[in-house]
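Q: My structure is in upload21.csv, and what it holds is CSV, C-alpha atoms:
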chain,number,residue,atom,x,y,z
A,1,ASP,CA,4.9,-4.3,-3.1
A,2,ASP,CA,2.7,-7.4,-3.5
A,3,PRO,CA,1.6,-7.6,-7.2
A,4,LEU,CA,-2.0,-8.3,-6.2
A,5,TYR,CA,-2.2,-5.0,-4.2
A,6,ILE,CA,-0.4,-3.0,-6.9
A,7,ASP,CA,-2.7,-4.4,-9.6
A,8,ALA,CA,-5.8,-3.6,-7.5
A,9,LEU,CA,-4.6,0.0,-7.0
A,10,ALA,CA,-3.9,0.4,-10.7
A,11,HIS,CA,-7.3,-0.9,-11.7
A,12,SER,CA,-8.9,1.6,-9.2
A,13,VAL,CA,-7.0,4.5,-10.6
A,14,ALA,CA,-7.6,3.5,-14.2
A,15,ARG,CA,-11.3,3.2,-13.6
A,16,HIS,CA,-11.5,6.7,-12.2
A,17,TRP,CA,-9.6,8.0,-15.2
A,18,GLN,CA,-12.0,6.3,-17.6
A,19,GLN,CA,-15.0,7.8,-15.9
A,20,ASN,CA,-13.6,11.3,-15.2
A,21,GLY,CA,-10.7,11.9,-17.6
A,22,ARG,CA,-7.0,11.9,-16.9
A,23,PRO,CA,-5.5,14.9,-15.0
A,24,TYR,CA,-2.1,16.3,-15.4
A,25,GLN,CA,-0.7,14.9,-12.1
A,26,LEU,CA,-1.3,11.9,-9.8
A,27,VAL,CA,-0.4,12.7,-6.2
A,28,MET,CA,0.3,9.7,-4.0
A,29,SER,CA,0.0,10.8,-0.4
A,30,PHE,CA,1.3,8.5,2.3
A,31,HIS,CA,1.0,9.0,6.1
A,32,GLY,CA,4.1,10.7,7.4
A,33,ILE,CA,6.4,9.8,10.2
A,34,PRO,CA,9.2,11.7,11.9
A,35,GLU,CA,12.5,11.7,9.9
A,36,ARG,CA,14.2,10.5,13.0
A,37,ASN,CA,12.5,7.1,12.6
A,38,ILE,CA,14.1,6.7,9.3
A,39,ARG,CA,17.6,7.5,10.6
A,40,LEU,CA,17.0,4.9,13.3
A,41,GLY,CA,16.5,2.2,10.6
A,42,ASP,CA,12.7,2.3,9.9
A,43,PRO,CA,12.3,1.2,6.2
A,44,TYR,CA,8.9,2.9,5.9
A,45,GLN,CA,10.0,5.7,3.5
A,46,ALA,CA,11.7,3.2,1.2
A,47,GLN,CA,8.6,1.0,1.2
A,48,CYS,CA,6.3,4.0,0.3
A,49,LEU,CA,8.6,5.0,-2.6
A,50,ALA,CA,8.7,1.4,-3.8
A,51,THR,CA,4.9,1.2,-3.7
A,52,ALA,CA,4.6,4.4,-5.6
A,53,ARG,CA,7.1,3.4,-8.2
A,54,LEU,CA,5.4,0.1,-8.8
A,55,LEU,CA,2.0,1.7,-9.2
A,56,ALA,CA,3.4,4.3,-11.5
A,57,ASP,CA,5.1,1.7,-13.6
A,58,THR,CA,1.9,-0.3,-13.9
A,59,LEU,CA,0.0,2.8,-14.9
A,60,GLN,CA,2.9,3.6,-17.4
A,61,LEU,CA,3.5,7.0,-15.8
A,62,THR,CA,6.6,9.0,-16.3
A,63,PRO,CA,8.3,10.6,-13.3
A,64,ALA,CA,6.9,13.9,-14.3
A,65,GLN,CA,3.3,12.6,-14.1
A,66,TYR,CA,3.2,11.6,-10.4
A,67,ARG,CA,4.5,12.9,-7.1
A,68,VAL,CA,5.0,11.2,-3.7
A,69,THR,CA,4.0,13.3,-0.6
A,70,PHE,CA,3.5,12.7,3.1
A,71,GLN,CA,0.6,13.9,5.1
A,72,SER,CA,-0.6,14.2,8.7
A,73,ARG,CA,2.5,15.8,10.2
A,74,PHE,CA,2.2,17.4,13.6
A,75,GLY,CA,4.5,18.6,16.4
A,76,ARG,CA,7.8,20.4,16.1
A,77,ALA,CA,10.0,17.5,14.9
A,78,ARG,CA,10.8,17.4,11.2
A,79,TRP,CA,8.7,14.8,9.3
A,80,LEU,CA,9.1,13.2,6.0
A,81,GLN,CA,9.1,15.6,3.0
A,82,PRO,CA,7.6,16.8,0.9
A,83,ALA,CA,4.5,17.6,3.0
A,84,THR,CA,1.2,17.0,1.1
A,85,GLU,CA,-0.4,20.3,2.1
A,86,ILE,CA,2.7,22.3,0.9
A,87,VAL,CA,2.7,20.6,-2.4
A,88,LEU,CA,-1.0,21.2,-2.9
A,89,ALA,CA,-0.6,24.9,-2.1
A,90,SER,CA,2.4,25.3,-4.5
A,91,TYR,CA,1.1,23.3,-7.5
A,92,PRO,CA,-1.2,25.9,-9.2
A,93,GLY,CA,1.7,28.5,-9.1
A,94,GLN,CA,3.8,25.9,-11.0
A,95,GLY,CA,1.1,25.5,-13.6
A,96,VAL,CA,-0.3,22.2,-12.2
A,97,LYS,CA,-4.0,22.9,-11.9
A,98,ARG,CA,-5.6,19.5,-12.4
A,99,ILE,CA,-4.7,16.7,-10.0
A,100,VAL,CA,-6.0,13.4,-8.7
A,101,ILE,CA,-4.8,12.4,-5.2
A,102,ALA,CA,-4.6,8.8,-4.0
A,103,THR,CA,-3.5,7.3,-0.7
A,104,PRO,CA,-1.9,3.9,-1.5
A,105,GLY,CA,-0.8,3.4,2.1
A,106,PHE,CA,-4.4,3.0,3.2
A,107,SER,CA,-6.5,0.0,2.4
A,108,ALA,CA,-9.6,1.7,3.7
A,109,ASP,CA,-10.7,5.3,4.0
A,110,CYS,CA,-10.6,6.9,7.5
A,111,LEU,CA,-12.1,10.1,8.8
A,112,GLU,CA,-8.7,11.7,9.3
A,113,THR,CA,-7.7,11.3,5.7
A,114,LEU,CA,-11.2,12.2,4.3
A,115,GLU,CA,-11.0,15.5,6.2
A,116,GLU,CA,-7.4,16.2,5.7
A,117,LEU,CA,-7.3,15.6,2.0
A,118,GLY,CA,-10.9,15.6,0.8
A,119,ILE,CA,-11.8,18.8,2.6
A,120,ARG,CA,-8.8,20.8,3.7
A,121,GLY,CA,-6.6,19.6,0.9
A,122,ARG,CA,-9.2,20.4,-1.7
A,123,GLU,CA,-9.7,23.9,-0.2
A,124,THR,CA,-5.9,24.5,-0.2
A,125,PHE,CA,-5.5,23.5,-3.8
A,126,LEU,CA,-8.5,25.4,-5.2
A,127,ARG,CA,-7.7,28.5,-3.1
A,128,ALA,CA,-4.2,28.6,-4.6
A,129,GLY,CA,-5.6,28.6,-8.2
A,130,GLY,CA,-6.2,24.9,-9.0
A,131,THR,CA,-9.2,24.1,-11.2
A,132,HIS,CA,-9.7,20.3,-10.8
A,133,PHE,CA,-9.2,18.3,-7.6
A,134,ALA,CA,-10.3,14.7,-7.2
A,135,ARG,CA,-9.6,12.4,-4.2
A,136,LEU,CA,-9.6,8.7,-5.0
A,137,ASP,CA,-11.3,6.4,-2.5
A,138,CYS,CA,-9.2,3.7,-1.0
A,139,LEU,CA,-9.9,0.1,-2.1
A,140,ASN,CA,-12.4,-0.3,0.7
A,141,ASP,CA,-15.0,-2.9,-0.3
A,142,SER,CA,-14.7,-2.3,-4.0
A,143,ASP,CA,-14.6,-5.1,-6.5
A,144,GLU,CA,-10.8,-4.6,-6.9
A,145,GLY,CA,-10.3,-4.6,-3.1
A,146,MET,CA,-12.3,-7.7,-2.4
A,147,ALA,CA,-10.8,-9.6,-5.3
A,148,MET,CA,-7.3,-8.7,-4.0
A,149,LEU,CA,-8.1,-9.7,-0.4
A,150,ASP,CA,-9.7,-13.0,-1.6
A,151,ALA,CA,-6.5,-13.8,-3.6
A,152,LEU,CA,-4.2,-12.9,-0.8
A,153,VAL,CA,-6.1,-15.0,1.8
A,154,ARG,CA,-6.2,-18.0,-0.5
A,155,ARG,CA,-2.5,-17.7,-1.3
A,156,GLU,CA,-1.4,-17.2,2.3
A,157,SER,CA,-3.5,-20.1,3.6
A,158,CYS,CA,-1.0,-22.4,1.9
A,159,GLY,CA,-3.1,-23.5,-1.0
A,160,GLY,CA,-6.1,-24.7,1.1
A,161,HIS,CA,-8.5,-23.4,-1.6
A,162,PHE,CA,-9.3,-24.4,-5.1
A,163,ARG,CA,-7.4,-21.9,-7.3
A,164,VAL,CA,-5.3,-23.0,-10.2
A,165,GLU,CA,-2.1,-21.6,-8.7
A,166,SER,CA,-2.8,-23.4,-5.4
A,167,GLN,CA,-3.6,-26.9,-6.8
A,168,THR,CA,-1.7,-30.0,-7.6
A,169,ALA,CA,-2.0,-31.6,-11.0
A,170,ASP,CA,-4.9,-33.8,-9.8
A,171,GLY,CA,-6.8,-31.0,-8.2
A,172,GLU,CA,-5.7,-31.3,-4.5
A,173,ALA,CA,-4.5,-28.5,-2.3
A,174,LEU,CA,-0.9,-27.6,-3.0
A,175,ARG,CA,1.5,-27.5,0.0
A,176,ASP,CA,4.3,-24.9,0.1
A,177,ASP,CA,6.8,-26.2,2.6
A,178,ASP,CA,9.6,-24.0,1.4
A,179,ASN,CA,7.7,-20.9,2.5
A,180,PHE,CA,5.4,-22.0,5.2
A,181,ALA,CA,6.8,-25.1,7.1
A,182,TYR,CA,7.9,-23.2,10.2
A,183,VAL,CA,6.8,-21.8,13.5
A,184,SER,CA,7.7,-18.2,14.4
A,185,ALA,CA,7.7,-15.6,17.1
A,186,TRP,CA,8.4,-11.9,17.1
A,187,GLU,CA,11.0,-10.4,19.5
A,188,PHE,CA,10.5,-6.9,20.8
A,189,ALA,CA,13.7,-5.0,20.1
A,190,GLY,CA,13.0,-1.8,21.9
A,191,GLU,CA,11.4,1.5,21.0
A,192,ASN,CA,12.1,2.8,17.5
A,193,HIS,CA,13.6,-0.5,16.4
A,194,ARG,CA,12.1,-3.1,14.2
A,195,PRO,CA,11.0,-6.3,15.9
A,196,ILE,CA,13.0,-9.4,15.1
A,197,LEU,CA,11.3,-12.4,13.5
A,198,HIS,CA,12.6,-15.8,14.7
A,199,LYS,CA,11.7,-18.8,12.6
A,200,GLU,CA,12.2,-22.5,13.5
A,201,PRO,CA,11.6,-25.1,10.8
A,202,LEU,CA,9.0,-27.7,11.4
A,203,VAL,CA,10.8,-31.0,11.7
A,204,TYR,CA,8.9,-34.1,12.9
A,205,ASP,CA,10.5,-37.3,14.1
A,206,ASN,CA,7.4,-39.5,14.3
A,207,VAL,CA,4.9,-37.7,12.1
A,208,GLU,CA,5.0,-37.5,8.3
A,209,MET,CA,3.5,-34.4,6.8
A,210,LYS,CA,0.9,-35.2,4.2
A,211,GLN,CA,-0.9,-33.5,1.4
A,212,ARG,CA,-4.2,-32.1,2.5
A,213,SER,CA,-7.0,-33.8,0.8
A,214,TYR,CA,-10.5,-32.6,-0.1
A,215,LYS,CA,-11.6,-35.9,-1.6
When written as structure tokens, how does the structure in this file appear?

A:
Amino acid sequence: DDPLYIDALAHSVARHWQQNGRPYQLVMSFHGIPERNIRLGDPYQAQCLATARLLADTLQLTPAQYRVTFQSRFGRARWLQPATEIVLASYPGQGVKRIVIATPGFSADCLETLEELGIRGRETFLRAGGTHFARLDCLNDSDEGMAMLDALVRRESCGGHFRVESQTADGEALRDDDNFAYVSAWEFAGENHRPILHKEPLVYDNVEMKQRSYK
């Protein structure tokens, strides 16, 4: 849900639309997981839906103009619904014959998704009567992707770079003690349970933390 990531995704989708025209439907396909994981407390589905909603809001899409699906299911267990391949097969019969499919949960393309969506997904959709199928590349090393990673790294490195939002009034690196002055460790909480993050504030008795200086 980071605004930098959502903005990069939105620019990528908008660039495709400018070059190729805007289809009837944007499909956002996320990697699926068994529904049992959700019942055990995994927030993954809610996170996927939040990402999709934020991207749709940024693109000014109505609920009817986009669809969230889940791909890569296997085995006999019930996985998150709706399944991407089932949606693709059913769309033409519902009058949806022009789509663009994106994978917001992937920052870079992988062979699995390229084959599953770009080859089998396309074949499924066109065989069912679809007329236009486009698979969007992930951010990969695009201008949008690299700008987003650059901004994230600079921000998360506690202001140790010269960006306006990470500087003091006199041009020095800005400290962010409220968010970063701690040490941390993750505790394994068992299979199918989220790990627990433990934080301990950095408190010094004999050392005074100072502003980092580049001068």

Q: If I take CA of His16 in chain A and CA of Pro104 in chain A, how far is one from the other in Å, to one decimal?

A: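 Interatomic distance, CA of His16 in chain A to CA of Pro104 in chain A: 14.6 Å.
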
Q: For range 200-205 of chain A, please output as a list of chain:residue names all residues within 12 Å (counting all atoms listed in the file; exclusion window: fewer than 3 positions along the same chain).

A: A:Asp177, A:Asp178, A:Asn179, A:Phe180, A:Ala181, A:Tyr182, A:Val183, A:Ser184, A:Ala185, A:Trp186, A:Leu197, A:Glu208, A:Met209, A:Lys210

Q: Please measure the separation of CA of Ala50 in chain A and CA of Val68 in chain A, giving the value in Å to one decimal.

A: 10.5 Å

Q: Of the candidates A:Ala147, A:Ile101, A:Leu54, A:Cys48, which shows the shortest atom-to-atom distance to Ala8 in chain A, using all atoms listed in the file?

A: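 Of A:Ala147, A:Ile101, A:Leu54, A:Cys48, the one nearest Ala8 in chain A, counting all atoms listed in the file, is A:Ala147.
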
Q: Between A:Arg73, A:Arg15, A:His193, A:Arg98, which residue has the minimum interatomic distance to Phe30 in chain A, considering all atoms listed in the file?

A: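 So, comparing all the options, the nearest one is A:Arg73.
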
Q: Rank nothing, just name the residue among A:Glu123, A:Glu85, A:Glu191, A:Asp7 nearest to Ser29 in chain A, using all atoms listed in the file.

A: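 Using all atoms listed in the file, the shortest distance to Ser29 in chain A belongs to A:Glu85.
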
Q: Which residues are close to Arg36 in chain A, i.e. within 9 Å by only C-alpha atoms, leaving aside same-chain residues fewer than 4 positions away? Reply as number ranges by chain.

A: A: 40-42, 77-79

Q: Can I get the selected residues back with C-alpha atoms, as an mmCIF file, in the frame of the given file?

A:
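Now in again14.cif:
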data_model
loop_
_atom_site.group_PDB
_atom_site.id
_atom_site.type_symbol
_atom_site.label_atom_id
_atom_site.label_comp_id
_atom_site.auth_asym_id
_atom_site.auth_seq_id
_atom_site.Cartn_x
_atom_site.Cartn_y
_atom_site.Cartn_z
ATOM 1 C CA LEU A 40 17.000 4.900 13.300
ATOM 2 C CA GLY A 41 16.500 2.200 10.600
ATOM 3 C CA ASP A 42 12.700 2.300 9.900
ATOM 4 C CA ALA A 77 10.000 17.500 14.900
ATOM 5 C CA ARG A 78 10.800 17.400 11.200
ATOM 6 C CA TRP A 79 8.700 14.800 9.300
#

Q: Could you please determine the separation between CA of Gln167 in chain A and CA of Asn206 in chain A in Å, to one decimal place?

A: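 Between CA of Gln167 in chain A and CA of Asn206 in chain A the gap works out to 26.9 Å.
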
Q: Since the input has fewer atoms than a full residue there, write range 113-132 of chain A out with N, CA and C atoms, as a PDB file, in the coordinates of the input.

A:
ATOM      1  N   THR A 113      -8.159  11.058   7.043  1.00  0.00           N
ATOM      2  CA  THR A 113      -7.700  11.300   5.700  1.00  0.00           C
ATOM      3  C   THR A 113      -8.835  11.954   4.849  1.00  0.00           C
ATOM      4  N   LEU A 114     -10.067  11.540   5.066  1.00  0.00           N
ATOM      5  CA  LEU A 114     -11.200  12.200   4.300  1.00  0.00           C
ATOM      6  C   LEU A 114     -11.240  13.656   4.613  1.00  0.00           C
ATOM      7  N   GLU A 115     -11.009  14.041   5.872  1.00  0.00           N
ATOM      8  CA  GLU A 115     -11.000  15.500   6.200  1.00  0.00           C
ATOM      9  C   GLU A 115      -9.788  16.181   5.768  1.00  0.00           C
ATOM     10  N   GLU A 116      -8.632  15.557   5.997  1.00  0.00           N
ATOM     11  CA  GLU A 116      -7.400  16.200   5.700  1.00  0.00           C
ATOM     12  C   GLU A 116      -7.182  16.447   4.209  1.00  0.00           C
ATOM     13  N   LEU A 117      -7.518  15.443   3.402  1.00  0.00           N
ATOM     14  CA  LEU A 117      -7.300  15.600   2.000  1.00  0.00           C
ATOM     15  C   LEU A 117      -8.589  15.998   1.238  1.00  0.00           C
ATOM     16  N   GLY A 118      -9.697  15.329   1.548  1.00  0.00           N
ATOM     17  CA  GLY A 118     -10.900  15.600   0.800  1.00  0.00           C
ATOM     18  C   GLY A 118     -11.538  16.952   1.089  1.00  0.00           C
ATOM     19  N   ILE A 119     -11.279  17.508   2.265  1.00  0.00           N
ATOM     20  CA  ILE A 119     -11.800  18.800   2.600  1.00  0.00           C
ATOM     21  C   ILE A 119     -10.746  19.890   2.625  1.00  0.00           C
ATOM     22  N   ARG A 120      -9.811  19.782   3.584  1.00  0.00           N
ATOM     23  CA  ARG A 120      -8.800  20.800   3.700  1.00  0.00           C
ATOM     24  C   ARG A 120      -7.838  20.826   2.503  1.00  0.00           C
ATOM     25  N   GLY A 121      -7.463  19.630   2.022  1.00  0.00           N
ATOM     26  CA  GLY A 121      -6.600  19.600   0.900  1.00  0.00           C
ATOM     27  C   GLY A 121      -7.214  20.176  -0.369  1.00  0.00           C
ATOM     28  N   ARG A 122      -8.483  19.856  -0.599  1.00  0.00           N
ATOM     29  CA  ARG A 122      -9.200  20.400  -1.700  1.00  0.00           C
ATOM     30  C   ARG A 122      -9.255  21.954  -1.631  1.00  0.00           C
ATOM     31  N   GLU A 123      -9.602  22.451  -0.438  1.00  0.00           N
ATOM     32  CA  GLU A 123      -9.700  23.900  -0.200  1.00  0.00           C
ATOM     33  C   GLU A 123      -8.343  24.565  -0.490  1.00  0.00           C
ATOM     34  N   THR A 124      -7.276  23.955   0.006  1.00  0.00           N
ATOM     35  CA  THR A 124      -5.900  24.500  -0.200  1.00  0.00           C
ATOM     36  C   THR A 124      -5.588  24.622  -1.651  1.00  0.00           C
ATOM     37  N   PHE A 125      -5.837  23.563  -2.388  1.00  0.00           N
ATOM     38  CA  PHE A 125      -5.500  23.500  -3.800  1.00  0.00           C
ATOM     39  C   PHE A 125      -6.299  24.497  -4.622  1.00  0.00           C
ATOM     40  N   LEU A 126      -7.604  24.520  -4.425  1.00  0.00           N
ATOM     41  CA  LEU A 126      -8.500  25.400  -5.200  1.00  0.00           C
ATOM     42  C   LEU A 126      -8.230  26.871  -4.839  1.00  0.00           C
ATOM     43  N   ARG A 127      -7.989  27.145  -3.558  1.00  0.00           N
ATOM     44  CA  ARG A 127      -7.700  28.500  -3.100  1.00  0.00           C
ATOM     45  C   ARG A 127      -6.443  29.054  -3.767  1.00  0.00           C
ATOM     46  N   ALA A 128      -5.487  28.156  -4.022  1.00  0.00           N
ATOM     47  CA  ALA A 128      -4.200  28.600  -4.600  1.00  0.00           C
ATOM     48  C   ALA A 128      -4.304  28.735  -6.137  1.00  0.00           C
ATOM     49  N   GLY A 129      -5.460  28.398  -6.717  1.00  0.00           N
ATOM     50  CA  GLY A 129      -5.600  28.600  -8.200  1.00  0.00           C
ATOM     51  C   GLY A 129      -5.857  27.307  -8.943  1.00  0.00           C
ATOM     52  N   GLY A 130      -5.930  26.153  -8.260  1.00  0.00           N
ATOM     53  CA  GLY A 130      -6.200  24.900  -9.000  1.00  0.00           C
ATOM     54  C   GLY A 130      -7.623  24.889  -9.514  1.00  0.00           C
ATOM     55  N   THR A 131      -7.840  24.112 -10.565  1.00  0.00           N
ATOM     56  CA  THR A 131      -9.200  24.100 -11.200  1.00  0.00           C
ATOM     57  C   THR A 131      -9.847  22.715 -11.082  1.00  0.00           C
ATOM     58  N   HIS A 132      -9.072  21.660 -10.848  1.00  0.00           N
ATOM     59  CA  HIS A 132      -9.700  20.300 -10.800  1.00  0.00           C
ATOM     60  C   HIS A 132      -8.958  19.519  -9.712  1.00  0.00           C
TER      61      HIS A 132
END
